[in-house]
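Scroll down for the structure; my scribbles are underneath it.
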Amino acid sequence: MIGGIYGGIFTPRGGGSQRSICLCGGVFVYGDLKLRDVPRVLRDAANMSAMLLYIITNAILFSFLLTSENIPQQLAQWIVDQGLTPWMFLLFVNVLLFFAGDFMEPSSIILILAPIFLPVAIKLGIDPIHLGIVMTINMELGMITPPVGLNLYVASGLARMGLTEVTLAAAPWILVVTAVLLLVTYVPQIALWLPHLMYGIQ
C-alpha cells in the first residue's frame, strides 16, 4: 500500500481499497489468516473505524462552529494589523496550529487556516512551500498529542492500553517532532533545498 501510494500507482484513497487484496492474500496465499477469523478481523476494523469517525465528526463540527462565527476572517485581519516580522509570524503559526491540533483534525485545520496564512506569508516574503511543510509537520504533531491525537487512539486500540499510557510512551517522540518543527521553521533551507533542486528554483 505504501509503495503504491509513494510510487504514484494509486491515490491514498485507492490505497485503502488495496486492503481487500491484502486480506485475500493473507487468507489464500500466505495462510497467516484463517477464513474463520475474517469476521472477527472485519469487526475489529469496524470498531476502530467507528471510534476514529466519532472523533473526526466532533472535530469537524467544531471547525464548522469556528467558520460560522467568522473567527478565521477576524484572525486574518488581526494578524495583518499586528505588523509581525516573518519569524514572529512563523512562531504565531506554530503556536496556533499546536493548539488547533489539540481539538481539530488535520483536514479541517488546513481548510480553515491555510487560506488565512498563505496571503500573509507571501506578503512577508515566506516561501509558500516552506509554509506548507511547516503546517504539515504541525499536523503530524497534532496527531500524537491529546486530546484529539488520532494516532494515539489508534495505538491505544491496537496495543489495548489506556490513552494515558500511550501518551506517556509517545512523549519522547513529541519532543523529537517539536525539535524538528523548530529546526525546519527557522532554517527553511532544510525544507526547501529538495523542492528547489527538483524544480530548478533559485
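Residues in the C-alpha cells are numbered from 1 in each chain, the chains being A, B, ... in the order shown, and ligands are numbered from 1 in the order shown.
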
Counting only C-alpha atoms, give me one row per residue of region 114-166 of chain A with an atom at most 7 Å from an atom of region 175-195 of chain A, showing the shortest contact pair and its distance in Å to one decimal, sorted by chain then residue number, as CSV.
residue,atom,partner,partner_atom,distance
A:His130,CA,A:Ala191,CA,6.3
A:Ile133,CA,A:Ala191,CA,7.0
A:Val134,CA,A:Thr185,CA,6.2
A:Ile137,CA,A:Leu181,CA,6.2
A:Leu141,CA,A:Val177,CA,6.4

Sorted by chain and rising residue number, list the residues of region 117-186 of chain A at most 6 Å from region 82-103 of chain A (counting only C-alpha atoms), each with its closest atom pair and distance in Å to one decimal, as CSV.
residue,atom,partner,partner_atom,distance
A:Leu124,CA,A:Pro86,CA,5.8
A:Gly142,CA,A:Gly101,CA,4.3
A:Pro146,CA,A:Asp102,CA,6.0
A:Pro147,CA,A:Asp102,CA,5.8
A:Val148,CA,A:Asp102,CA,5.5

- Extract, using only C-alpha atoms, all DNA, RNA and protein residues at most 12 Å from Leu66 (chain A), discarding same-chain residues fewer than 4 positions from it, and format them as a list in words.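 My reading of the contact set: Ala59, Ile60, Leu61, Phe62, Asn70, Ile71, Pro72, Gln73, Gln74, Leu75, Ala100, Phe103, Met104, Ser108, Ile109, Leu111, Ile112 and Leu113 of chain A.
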
- Message: Could you tell me how far CA of Tyr153 (chain A) sits from CA of Ile56 (chain A), in Å to one decimal place?
- Response: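 Rounded to one decimal, the two atoms are 11.7 Å apart.
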
- Name the residues of region 26-168 of chain A that fall into alpha helix (DSSP H) according to DSSP on the backbone, using the chain letters and numbers of this document, as an NGL selection string. :A and (38-68 or 71-82 or 86-101 or 106-123 or 128-142 or 150-159 or 163-168)

- Message: Rounded to one decimal, what separation in Å do you get between CA of Ile129 (chain A) and CA of His196 (chain A)?
- Response: 9.7 Å
